[in-house]
Amino acid sequence: MGILSYLLVIPFIGILLLLCLPNKAVFYHRMVSNLITFVVFCVSIYLFSSFSIDPSLQFVEHTNWFSFGSSGGIDYSLGLDGLSLPMLVLTTFVSFIASVASIYIKKRTKTYFSLFLLLEVGMMGVFLATNLFLFFLFFEITFVTMFFLIGIWGYNKKERAAYHFLIYNGLGSAFLLIAIVGIYVVFGSVEYETVRKLVALDIPSPLSWTLFVCLLLAFAIKLPIFPFHRWMLLVHVEAPPSVVIIHAGILLKIGAYGILRFGVSMFSSHMNYIATILVVLGLINLLYGAILAFAQTELKRVLAYSSISHMGIILLGVAAGNVIGLQGAVLQSVSHGLISALFFFLVGALYERTKSTQLEDLGGIAKSMPVYSGILMIASLGLLGLPGLSGFVSEFFSLLGLFEKYPIYAAVGTLGLILAAVYTLRALMEVSFGKQQKIFTTTDIGWKEGLPMFALVLIILSIGIYPDLISHTLNGTLETIASEWRG
Amino acid sequence: MYLTSYLALAAILFCIGLYGILTKRNAVMLLFSVELMLNAVNLNLVAFSRLGFYPNVEGQIFTFFTITVAAAEAAVGLAILIALYRKKETAEADQYNSMKG
Amino acid sequence: MLSYAWTIPLFPLFAFVVQLLLRTKGNKKLVSSLGVVLTFLSFVFSVYLVVHSLVWNQTIPEWKVNWLHIGANVVTVGASFTPIQVAMLFIVSLVSCLVQIYSMGYMKEDKRSNTFFAYLSLFTFSMLGLVIAPNFLELYFFWELVGVCSFLLVGFYFYKESAKQAAKKAFIVTRIGDVGLFIAICLLFWEVGSFDFDVVKQAVDANQLSSGMITLIAILIFVGAIGKSGQFPLHTWLPDAMEGPTPVSALIHAATMVAAGVFLVAETFWLFEESSTALAIVSYIGGFTALFAALIALTQTDIKRVLAYSTVSQLGYMMLGLGSLGLSSGFFHLLTHAFFKALLFLAAGAVIVAYSHEQDIRKMGGLWKQQRWLGIAFLIGAFSIAGIPPFSGFFSKDEIFLAVFQSGRYDLFVAALLAAFCTAFYMFRLFYLVFAGKVTKEKTKTLSWHFKVPIWILALFSVIAGFLQYPKHLISGWLDETTQTALWWIPVVVTLMAVFGIFLAYAVYQKRWVSAHTLAKLSGIGYRLSYRKFYIDECYEALFVWSLKGLGWILMGWDRFFVGGIALFMKSMPIQLSEMSSRIQNGQVQRYILISVIGLLLLLLSITVGRFIS
Amino acid sequence: MNAEFLAFSILSVFAIGGAVFFLNAGKVMHMAIALAFTFFSLAGIYLLLQAEFLAVVQVLVYAGGISILMIFGIMLTKPEEGAPSRSFQYHQWISLATVTGFFVIIMTIIYQTPILTPAGKETSASVKSIGSILFKNYAIPFELASILLLVALIGAIVLARKEQK
Amino acid sequence: MREMVMHLSPEWILLVGIALVLIGEILLHKDSSRSMLGIIAILTVLGSGTLLILQGKEVITLFDGSYTSDPFIRSIKGLLVAGTLFVLLLSWTEKIVAKGEYYLLVLAALLGAMSLISSSDLIFLFVSLELLSLSAYVLVGMQQDRLVSSEAAWKYVIYGGASSAFLLYGMSFFYGLSGTTNLTKISGNLAVAYVNGYELFLYLGFVLLLVGIGFKLAAVPFHMWAPDVYQGAPTTVTTFLAIVSKIAGFIFALRLISMLFASGGLQSILHSMVVPSLLILSMLSMIFGNVTALKQHHLKRMLAYSSIGHAGYMLVAVISILLDKQESSLSSLYYYFVAYLLASAGTFATIHVIAKDRSPDRKVLSGLYKRSPGLAFSLSVFLLSLAGIPFTAGFIGKFTILVSAFGNSMYWLTGTMLLTTVISYFYYFRVIRQMYWQEDEDVSQVTMHWSIGIVITFSLIGTFFFGIMPNVLLQNLSNWIG
């Protein structure tokens, strides 16, 4: 067992510990979860620091697992490259934050944290896996645990949300499974590298197109791309804050990661054909989400639609097809992960105090909660892509990349920047500016909530000021991908 | 030509049995209809065993088994019906519908 | 020492961090003086640079470090110190320092003054950063940052509904312009492969870019400038931005940030020079804005709004100058305007404080008698902006008129003259209404030295700044521009227009030979248009805000009913099927057999029929 | 028109007639008797097919055993006659159509490709040959059949006996 | 004779067991406990399993090939034995008056099932099938204090009688065309008939057979009996039907079809008719089974529909086997059997424990997470395995079937299978939801007999084990079969 396997095992230790604790020891449940997620985060930081910057796969682990049929076997293989590393670190970090943000969870904490840790395993596994089968397994873990996390600990319409999550993601994973089965049958392997090479050898056939479209659909639902977005709204609105942090922060990015990993990297020649379609879809997402975000009257819905809008930017970056665009897409994944984590943490803190996130009920929070609204301000500015915060870098890279081949589309895409400002500021101002609408018990945030928020702000700031922090590790891998795509 | 006539007769009886099983309201008649269907099949088998491409005795042996099974089935079916009748107090087959959906 | 010039913006940044940390607990006086002191250090350093660069004509070394990798390209971050930049450094740090001093008085009673000073420091940092940026990306970085500071400061009184709206408007409208700049930067990157000004300049000089592309990029950059500098049609945010505290108006919305657009055009002037179309657009928009805003300023009743429109108008002048190939004229006006407009705003702030936060000029009067020093200072500013010799405004305006005339755009020349007339009129309308006439308030507040010192310093600069260009063409020299031969009649005509404007104001508001009322009636619909700011806001409201809202509602319906409907359909289809299938399962065994036999029949048919067909 | 054909015709008319009467008889008891008649006719047809052993078994098991069993069943359950419900009528028509369809298909297939008996290959199966094949080749099924009968026996007892509690 | 005893020993021992139980039942006093007989039954089944293992890898054919037993068949028999063992263990607490007869019938049914899958002769097949069915009819109706039990038995016997008439009718045509009932010989004669223009008879015969097969598998549209019977039967019997009867039915179908159409001349029929009709059956089963399950409240009824859906999945594997005859498809089917067996046994066992005297409506599960976290967890795992979620055996099973199907270019079938799997998530997760986030009205502790504990534990471990270490089975399977 290598370090990556240990990484996957650590949360299980946490689960065991939790099982040993009595039901009532809520504080200790939290502590165990915080501790474990923190340890995992530290390990991932260690991985980050000892990662040597080149496009190769590192920390590789490879064991035969099982074989079936005439095709080659399916292996247990883990590894990290420049693409998965930032996502892994994002995952561990956001998980830690979400674990801390779970203070708003008050019932059945033991089950909650067990599922939470399991979810973390799933998410890490998704990024660590270097074959499709393993990827799928971990993907499904996230799917099942999320269903419970939404369904048990959500707000009023939690069941509807959970079921929407179930149908859409179920469909997505069905598509994914078709693709994986097909790839396994057609190419005789599920290892990323092998498949990539074999796909590159063939000229696109109807069969490989089908597989590719299935893959794309799977991740389109996860991301989500325009007509598949309904489920995500409900999840954003109804799930508890800490779960939404994970959901908006990481799970949506699995879609982006999937498109990059399987679409761009594996099926590069196919991707080339549909790049323009992808650009158009990206634009639709970007503008559609933005306009709808503007029309919402509830804070979480605003954020949900803004997520759709931001996922559009990822698509644009991917579709740009050059290193810059891809960098933008990955950075956007990371950055939006952090910013939305921060945002939903804030929303959770707000809901805890006001018991409402309707914009009309809110207002003038800045008076009684200056620190809170300061952080909210930073989060908003990050969301609308202010230079100096991580959101800018990613949007800039994505659009800059797009300008190379699709200047007109890119120019239309910049409209998104304006709209982002419009809806974000509207939401921000309805919450913290103006007259205080109701008498809430609004005490400002304390250290418990403040520290993790500050940590997030700090990271958002540092990526914004020095994006190479992340994009450095990416470059090698992305260059290989981009050269394939253009080759 | 002969064989075809036998087969036709079997088919007619089979279909009558089938129609009976589909429409008779008395539960005992359902069991009877099943027996009729099985009889039709027996006729088929016997006809084949004598007049088929490869006339041989296996068809008759088959029929022998079929008759045995049919008798057993009839017995069990009737036993079940009696048990059911005790609770439902009716022999109307369409009344036996407490499970549905 | 010179090689550390890049540290200039860091002083206020440090101040910002410390002030933010001391936000709640810090002693107000300490916190504010920290800002002042550190900004003053920046100022001193800037002066040092000015001496080296402008006076001794030394080149100050650029400073660069690698910042980020964009694909294969390495983008640097750094600082460069061309004469324009050094001059801007000087202006920004000076005005900023003065305004901070002023604010110590102005914000004394505000509970959140520490936050205010922190914001001011942040702004100073961003503005200084913007000024010394050696490449487009860094410039854009700070460009947005100053926008945010402006937003924060406009919305400083967040609990006021109007401040909230104004801040939002300020941010969004300028962002529309920023997007232009953003696109320009992206295009330049793919054309040239770098963001650096010098690299781009070399490429432009080497004719690497097609002329169409240059025009496009220049126009897009100008769009950015339009947004920031409040040019028509994106000017609407600037008057509303007066909702912020007055020192902010003086610093950001008069002297520095709004001039950033002009600065940007000046900085990339080599690009504009290559495209006559772009220049024409710059000058026409500038000229139009100058007149248009001046016309609006004629009728406004809020002291700060008058000044705001005046700012818009003056910025239009600067653009006009630049568009007419008068780089030095435009920049020179920027310089002088920074002094006199800051002066006017600070004075106006003092007036407002004196009247206990009353801003309506119709409720003022007779302040001359109570606070004469203020009157004098305001008068200096007014003369300067009206273009009365020997005040600084006269010289810079004169240059612009000269440039416009020589560019051959006589229509713009006439418009500019009209604007000059209006300028003089509305300034003195303001002066007479506020300072002359009856005393409306018996006891006005006495003002502390915090008010007086900055005002007087700025007044001093307003008076003397003009002489930078007059006997010796210092500015042109710095900018490496050949001086144009002056035409004698232009200053005369301009001054006459100004004097005429002043006289009219005197006649109407001091002597009341003609009542303002009849004048308004005379102009008919013109008055109404001017008073309602040509209904631009209303138009925008109808055009953009409502259409966006409408679109939002339509899409909302679409999203909920159509997209959601499809999802619902997909969901209900299995359920319908399920219901159908469980209805068939009615509990009767005969029904079951029937269904199975029908199934058998269909199967048989489909197979045999399929067999016969194929 | 030989004797065998005549016999077949008569017997088949009896068999079908019995079956049709079974379908349409008004009283349950009549139905049972009609069907017993059919079973008898079938035994005759078996004789025609030279399956004497089966004919005997048919008479014993069906005409004798099963018919009697059924009549017992009828008596035990005291059937009452009544008009079929509306929904059931509906069901009847569909059933009729389906069965007719099924019948048509079978008849088409039977008559489209008639199976011709190879000349001179008719075998007559004596009881002896049946017995020997049965116990030589079909010993296991025979054993199984005995278990089956045991199961039926036990099952019938278990099911039909009165509840003990 | 000695050979016959040796080779048939797994079946013989069941006969012995039946006899012992019968004798015991007669000897025992009316009111005394029948657990002794249960132990005998269990021992018998265990013995049968042991003998199966002892037979090793040899291939046995008896009576002109009408009885065959090869390693694959034997491993399937192993599954049947295991399934029956689970059923017997569960039966310990089942409320049935005639417990002795009950054990006897279970053994007889197992005997029927085991000889069913070994037989290669139409007569043999028919008799074994009827032995299985007849025992099942009686078993279903044995809970005489419940009306539904009798009613279920009634429906079962009528439906079963009709379908065996159809099956026989079909068999009679095959016999007529080939003149033999021996499946090893039948195919060649059929090919002759096919060439001579009797293909329509073949079609007719096959479709009629399909009724009988469909009935055993509970495949749509011949599934109509299943929901009522599953619901009405005692839970243990339902388990038996869902596991043993179904698995035996599949192997029966597979052998029958593959041997009927084994001859090269009939390959075109296999492709033009057999596979398409199975395909239709499979698709309909997957769709209707899963879709109808959506509306069900009654757990056993829901599981009945779910098992109809699973029959559809398994049919996919059967079709793959018919198409490519690769061992991998065979092992995929086997793997699915294992997964399905474990999960179903576990599920029914849990329901058996929880529902007790009540009708197992979904509501009985409310708040189970509090009353018995272990049971709630196990039931969740079983349901997840049925739904095909990774790290359970069900997923690997589904995956292998998908691979086989895709490898045979059955893309639409693959698609349908996954789509219906998604639909199935709904009702499986709804049950889980009921346990975890529906508050409970009933707070009584759940008590469980040790025998059921064994079943649940074993199923749970197995479900996880085969989900995580699939190679253990897959590797061995290819050894056995290859």
# chains A, B, ... in the order shown; residues from 1 in each chain; ligands from 1
$ interface_residues --of "chain E" --to "chain C" --cutoff "9 Å" --atoms "only C-alpha atoms" --output "PyMOL selection string"
chain E and resi 154-156+158-159+162-163+200+203-204+207-208+210-211+220-225+227-228+272-273+276-277+280+287-288+290-296+423
$ write_last_selection --atoms "C-alpha atoms" --output "tab-separated table (two decimals), in the first residue's frame"
chain	number	residue	atom	x	y	z
E	154	TRP	CA	-54.72	-20.70	-6.01
E	155	LYS	CA	-53.45	-18.19	-8.50
E	156	TYR	CA	-50.16	-19.94	-8.66
E	158	ILE	CA	-54.04	-22.12	-12.02
E	159	TYR	CA	-51.48	-19.96	-13.72
E	162	ALA	CA	-52.05	-23.23	-17.75
E	163	SER	CA	-48.45	-22.40	-18.43
E	200	LEU	CA	-43.27	-22.43	-38.65
E	203	TYR	CA	-41.55	-20.99	-34.20
E	204	LEU	CA	-44.81	-22.06	-32.73
E	207	VAL	CA	-43.03	-19.53	-28.46
E	208	LEU	CA	-45.16	-22.03	-26.59
E	210	LEU	CA	-41.40	-19.58	-23.92
E	211	VAL	CA	-44.63	-19.39	-21.95
E	220	VAL	CA	-42.95	-10.11	-18.62
E	221	PRO	CA	-45.57	-10.82	-19.94
E	222	PHE	CA	-45.64	-14.17	-18.14
E	223	HIS	CA	-44.94	-12.58	-14.79
E	224	MET	CA	-48.47	-11.77	-13.75
E	225	TRP	CA	-48.61	-14.39	-11.05
E	227	PRO	CA	-46.51	-10.21	-7.39
E	228	ASP	CA	-49.51	-11.88	-5.84
E	272	SER	CA	-33.65	-14.50	-36.12
E	273	MET	CA	-36.16	-15.65	-33.59
E	276	PRO	CA	-35.12	-11.43	-30.52
E	277	SER	CA	-37.95	-12.92	-28.54
E	280	ILE	CA	-38.24	-8.56	-26.04
E	287	ILE	CA	-39.03	-1.96	-17.89
E	288	PHE	CA	-42.25	-3.23	-16.40
E	290	ASN	CA	-38.84	-1.82	-12.31
E	291	VAL	CA	-41.50	0.63	-13.27
E	292	THR	CA	-44.32	-1.16	-11.52
E	293	ALA	CA	-42.24	-1.56	-8.42
E	294	LEU	CA	-42.29	2.21	-8.10
E	295	LYS	CA	-45.85	2.23	-6.87
E	296	GLN	CA	-45.65	-0.59	-4.38
E	423	ILE	CA	-35.54	3.76	-12.16
$ closest_atom_pairs --of "chain E" --to "chain B" --cutoff "8 Å" --atoms "only C-alpha atoms" --output "tab-separated table"
residue	atom	partner	partner_atom	distance
E:Ile123	CA	B:Phe62	CA	5.8
E:Val127	CA	B:Phe65	CA	7.3
E:Glu130	CA	B:Val69	CA	7.1
E:Leu134	CA	B:Glu73	CA	6.9
E:Tyr137	CA	B:Val76	CA	7.9
E:Val138	CA	B:Val76	CA	7.2
E:Gly141	CA	B:Ile80	CA	7.0
E:Gln144	CA	B:Ala83	CA	7.6
E:Leu147	CA	B:Lys87	CA	6.5
E:Val148	CA	B:Ser98	CA	7.2
E:Ser150	CA	B:Leu84	CA	5.4
E:Glu151	CA	B:Leu84	CA	6.3
E:Ala153	CA	B:Ile80	CA	6.7
E:Trp154	CA	B:Ile80	CA	6.0
E:Val157	CA	B:Gly77	CA	6.1
E:Ile158	CA	B:Leu31	CA	6.9
E:Gly161	CA	B:Val34	CA	6.2
E:Ala162	CA	B:Val34	CA	5.8
E:Ala165	CA	B:Leu38	CA	5.4
E:Leu168	CA	B:Val41	CA	6.6
E:Tyr169	CA	B:Val41	CA	5.2
E:Ser172	CA	B:Leu45	CA	5.4
E:Phe173	CA	B:Asn44	CA	7.9
E:Tyr175	CA	B:Gly59	CA	7.4
E:Gly176	CA	B:Phe48	CA	5.0
E:Leu177	CA	B:Phe53	CA	6.5
E:Ser178	CA	B:Tyr54	CA	6.9
E:Gly179	CA	B:Tyr54	CA	4.7
E:Thr180	CA	B:Glu58	CA	6.9
E:Thr181	CA	B:Glu58	CA	7.2
E:Asp228	CA	B:Met99	CA	5.9
E:Gln231	CA	B:Met99	CA	7.9
E:Gly232	CA	B:Met99	CA	7.9
E:Gln296	CA	B:Gly101	CA	7.8
$ atom_distance --atom1 "CA of Arg112 (chain C)" --atom2 "CA of Gly374 (chain A)"
13.3 Å
$ residues_around --residues "Ala200 (chain A)" --least-positions-apart "4" --cutoff "9 Å" --atoms "only C-alpha atoms" --output "VMD selection string"
chain A and resid 195 to 196 204 266 to 269 484
$ interface_residues --of "chain E" --to "chain D" --cutoff "6 Å" --atoms "only C-alpha atoms" --output "ChimeraX atom specification"
/E:63,124,131,138
$ closest_residue --among "C:His52, C:Arg532, C:Lys64, C:Lys164" --to "chain A" --atoms "only C-alpha atoms"
C:Lys164
$ closest_atom_pairs --of "chain D" --to "chain C" --cutoff "7 Å" --atoms "only C-alpha atoms" --output "Markdown table"
| residue | atom | partner | partner_atom | distance |
| --- | --- | --- | --- | --- |
| D:Ser95 | CA | C:Leu594 | CA | 6.5 |
| D:Thr98 | CA | C:Ile598 | CA | 6.3 |
| D:Phe102 | CA | C:Leu601 | CA | 6.4 |
$ residues_around --residues "region 240-253 of chain C" --least-positions-apart "4" --cutoff "6 Å" --atoms "only C-alpha atoms" --output "list in words"
Val99, Leu153, Val154, Ala163, Ala166, Met257, Val258, Ala342, Phe345 and Gly349 of chain C
$ residues_around --residues "Val127 (chain D)" --least-positions-apart "5" --cutoff "9 Å" --atoms "only C-alpha atoms" --output "list of chain:residue names"
D:Ala51, D:Glu52, D:Phe53, D:Ser132
$ residues_around --residues "region 461-475 of chain C" --least-positions-apart "6" --cutoff "6 Å" --atoms "only C-alpha atoms" --output "ChimeraX atom specification"
/C:339-340,391-392,395
$ residues_around --residues "Leu16 (chain A)" --least-positions-apart "2" --cutoff "12 Å" --atoms "only C-alpha atoms" --output "ChimeraX atom specification"
/A:9-14,18-21,29,32-33,36,110-111,113-115,117-118
$ closest_residue --among "C:Tyr535, C:Phe428, C:Phe141, C:Phe401" --to "chain A" --atoms "only C-alpha atoms"
C:Phe141
$ closest_residue --among "D:Val56, D:Leu11, D:Met29, D:Ile66" --to "chain B" --atoms "only C-alpha atoms"
D:Ile66
$ atom_distance --atom1 "CA of Ile396 (chain E)" --atom2 "CA of Met283 (chain E)"
20.6 Å
$ closest_residue --among "B:Ile67, B:Leu3, B:Leu22, B:Ala8" --to "chain C" --atoms "only C-alpha atoms"
B:Leu22
$ atom_distance --atom1 "CA of Ser380 (chain A)" --atom2 "CA of Thr236 (chain C)"
23.7 Å
$ interface_residues --of "chain A" --to "chain C" --cutoff "7 Å" --atoms "only C-alpha atoms" --output "list in words"
Pro227, Arg230, Ile291, Leu292, Phe294, Ala295, Val323, Ile324, Gly364, Leu386, Pro387, Leu400, Phe403, Glu404, Ala411, Thr414, Ile418, Ala421, Val422, Leu425, Met429, Phe433, Gly434, Lys435, Tyr466, Pro467 and Asp468 of chain A
$ interface_residues --of "chain E" --to "chain A" --cutoff "9 Å" --atoms "only C-alpha atoms" --output "number ranges by chain"
E: 326-329, 331-332, 389-391, 399-400, 402-404, 406-407, 411, 414-415, 418-419, 421-423, 425-426, 429, 433, 436-437, 469-472, 474-475
$ closest_residue --among "D:Gly64, D:Gly73, D:Gly44, D:Gly101" --to "chain B" --atoms "only C-alpha atoms"
D:Gly73
$ select_by_dssp --residues "region 87-119 of chain D" --states "helix (DSSP H, G or I)" --output "list in words"
Ser87, Phe88, Gln89, Tyr90, His91, Gln92, Trp93, Ile94, Ser95, Leu96, Ala97, Thr98, Val99, Thr100, Gly101, Phe102, Phe103, Val104, Ile105, Ile106, Met107, Thr108, Ile109, Ile110, Tyr111 and Gln112 of chain D
$ decode --residues "region 236-260 of chain A" --atoms "N, CA and C atoms" --output "mmCIF file, in the first residue's frame"
data_model
loop_
_atom_site.group_PDB
_atom_site.id
_atom_site.type_symbol
_atom_site.label_atom_id
_atom_site.label_comp_id
_atom_site.auth_asym_id
_atom_site.auth_seq_id
_atom_site.Cartn_x
_atom_site.Cartn_y
_atom_site.Cartn_z
ATOM 1 N N HIS A 236 -28.828 22.778 -4.013
ATOM 2 C CA HIS A 236 -28.243 23.991 -3.445
ATOM 3 C C HIS A 236 -29.143 24.602 -2.392
ATOM 4 N N VAL A 237 -30.431 24.569 -2.689
ATOM 5 C CA VAL A 237 -31.348 25.275 -1.801
ATOM 6 C C VAL A 237 -31.685 24.447 -0.555
ATOM 7 N N GLU A 238 -31.824 23.130 -0.761
ATOM 8 C CA GLU A 238 -32.385 22.339 0.327
ATOM 9 C C GLU A 238 -31.351 21.616 1.199
ATOM 10 N N ALA A 239 -30.164 21.431 0.676
ATOM 11 C CA ALA A 239 -29.188 20.672 1.455
ATOM 12 C C ALA A 239 -28.624 21.540 2.578
ATOM 13 N N PRO A 240 -28.138 20.907 3.644
ATOM 14 C CA PRO A 240 -27.541 21.696 4.720
ATOM 15 C C PRO A 240 -26.256 22.371 4.228
ATOM 16 N N PRO A 241 -25.888 23.493 4.852
ATOM 17 C CA PRO A 241 -24.769 24.291 4.347
ATOM 18 C C PRO A 241 -23.496 23.476 4.132
ATOM 19 N N SER A 242 -23.152 22.648 5.104
ATOM 20 C CA SER A 242 -21.876 21.955 4.972
ATOM 21 C C SER A 242 -21.891 21.005 3.778
ATOM 22 N N VAL A 243 -23.057 20.470 3.491
ATOM 23 C CA VAL A 243 -23.151 19.573 2.348
ATOM 24 C C VAL A 243 -23.104 20.362 1.039
ATOM 25 N N VAL A 244 -23.728 21.521 1.063
ATOM 26 C CA VAL A 244 -23.671 22.332 -0.152
ATOM 27 C C VAL A 244 -22.246 22.798 -0.400
ATOM 28 N N ILE A 245 -21.523 23.036 0.672
ATOM 29 C CA ILE A 245 -20.122 23.413 0.498
ATOM 30 C C ILE A 245 -19.409 22.330 -0.284
ATOM 31 N N ILE A 246 -19.617 21.109 0.126
ATOM 32 C CA ILE A 246 -19.004 19.993 -0.585
ATOM 33 C C ILE A 246 -19.555 19.898 -1.999
ATOM 34 N N HIS A 247 -20.852 20.047 -2.077
ATOM 35 C CA HIS A 247 -21.491 19.847 -3.370
ATOM 36 C C HIS A 247 -21.049 20.888 -4.385
ATOM 37 N N ALA A 248 -21.223 22.142 -4.004
ATOM 38 C CA ALA A 248 -20.846 23.196 -4.944
ATOM 39 C C ALA A 248 -19.330 23.287 -5.074
ATOM 40 N N GLY A 249 -18.669 22.974 -3.966
ATOM 41 C CA GLY A 249 -17.218 23.141 -3.974
ATOM 42 C C GLY A 249 -16.490 22.050 -4.713
ATOM 43 N N ILE A 250 -16.945 20.830 -4.597
ATOM 44 C CA ILE A 250 -16.170 19.744 -5.185
ATOM 45 C C ILE A 250 -16.973 18.918 -6.179
ATOM 46 N N LEU A 251 -18.162 18.528 -5.767
ATOM 47 C CA LEU A 251 -18.858 17.542 -6.595
ATOM 48 C C LEU A 251 -19.140 18.055 -8.001
ATOM 49 N N LEU A 252 -19.507 19.310 -8.101
ATOM 50 C CA LEU A 252 -19.740 19.837 -9.439
ATOM 51 C C LEU A 252 -18.459 19.797 -10.257
ATOM 52 N N LYS A 253 -17.358 19.945 -9.549
ATOM 53 C CA LYS A 253 -16.072 19.980 -10.273
ATOM 54 C C LYS A 253 -15.672 18.613 -10.780
ATOM 55 N N ILE A 254 -16.285 17.590 -10.218
ATOM 56 C CA ILE A 254 -16.012 16.266 -10.768
ATOM 57 C C ILE A 254 -16.452 16.259 -12.232
ATOM 58 N N GLY A 255 -17.532 16.982 -12.501
ATOM 59 C CA GLY A 255 -17.970 17.092 -13.890
ATOM 60 C C GLY A 255 -16.890 17.724 -14.744
ATOM 61 N N ALA A 256 -16.332 18.820 -14.246
ATOM 62 C CA ALA A 256 -15.288 19.502 -15.000
ATOM 63 C C ALA A 256 -14.074 18.596 -15.159
ATOM 64 N N TYR A 257 -13.718 17.966 -14.072
ATOM 65 C CA TYR A 257 -12.562 17.068 -14.106
ATOM 66 C C TYR A 257 -12.802 15.947 -15.104
ATOM 67 N N GLY A 258 -14.020 15.423 -15.084
ATOM 68 C CA GLY A 258 -14.343 14.341 -16.002
ATOM 69 C C GLY A 258 -14.227 14.775 -17.447
ATOM 70 N N ILE A 259 -14.755 15.951 -17.725
ATOM 71 C CA ILE A 259 -14.679 16.421 -19.106
ATOM 72 C C ILE A 259 -13.230 16.606 -19.515
ATOM 73 N N LEU A 260 -12.436 17.140 -18.600
ATOM 74 C CA LEU A 260 -11.024 17.334 -18.929
ATOM 75 C C LEU A 260 -10.328 15.995 -19.098
#
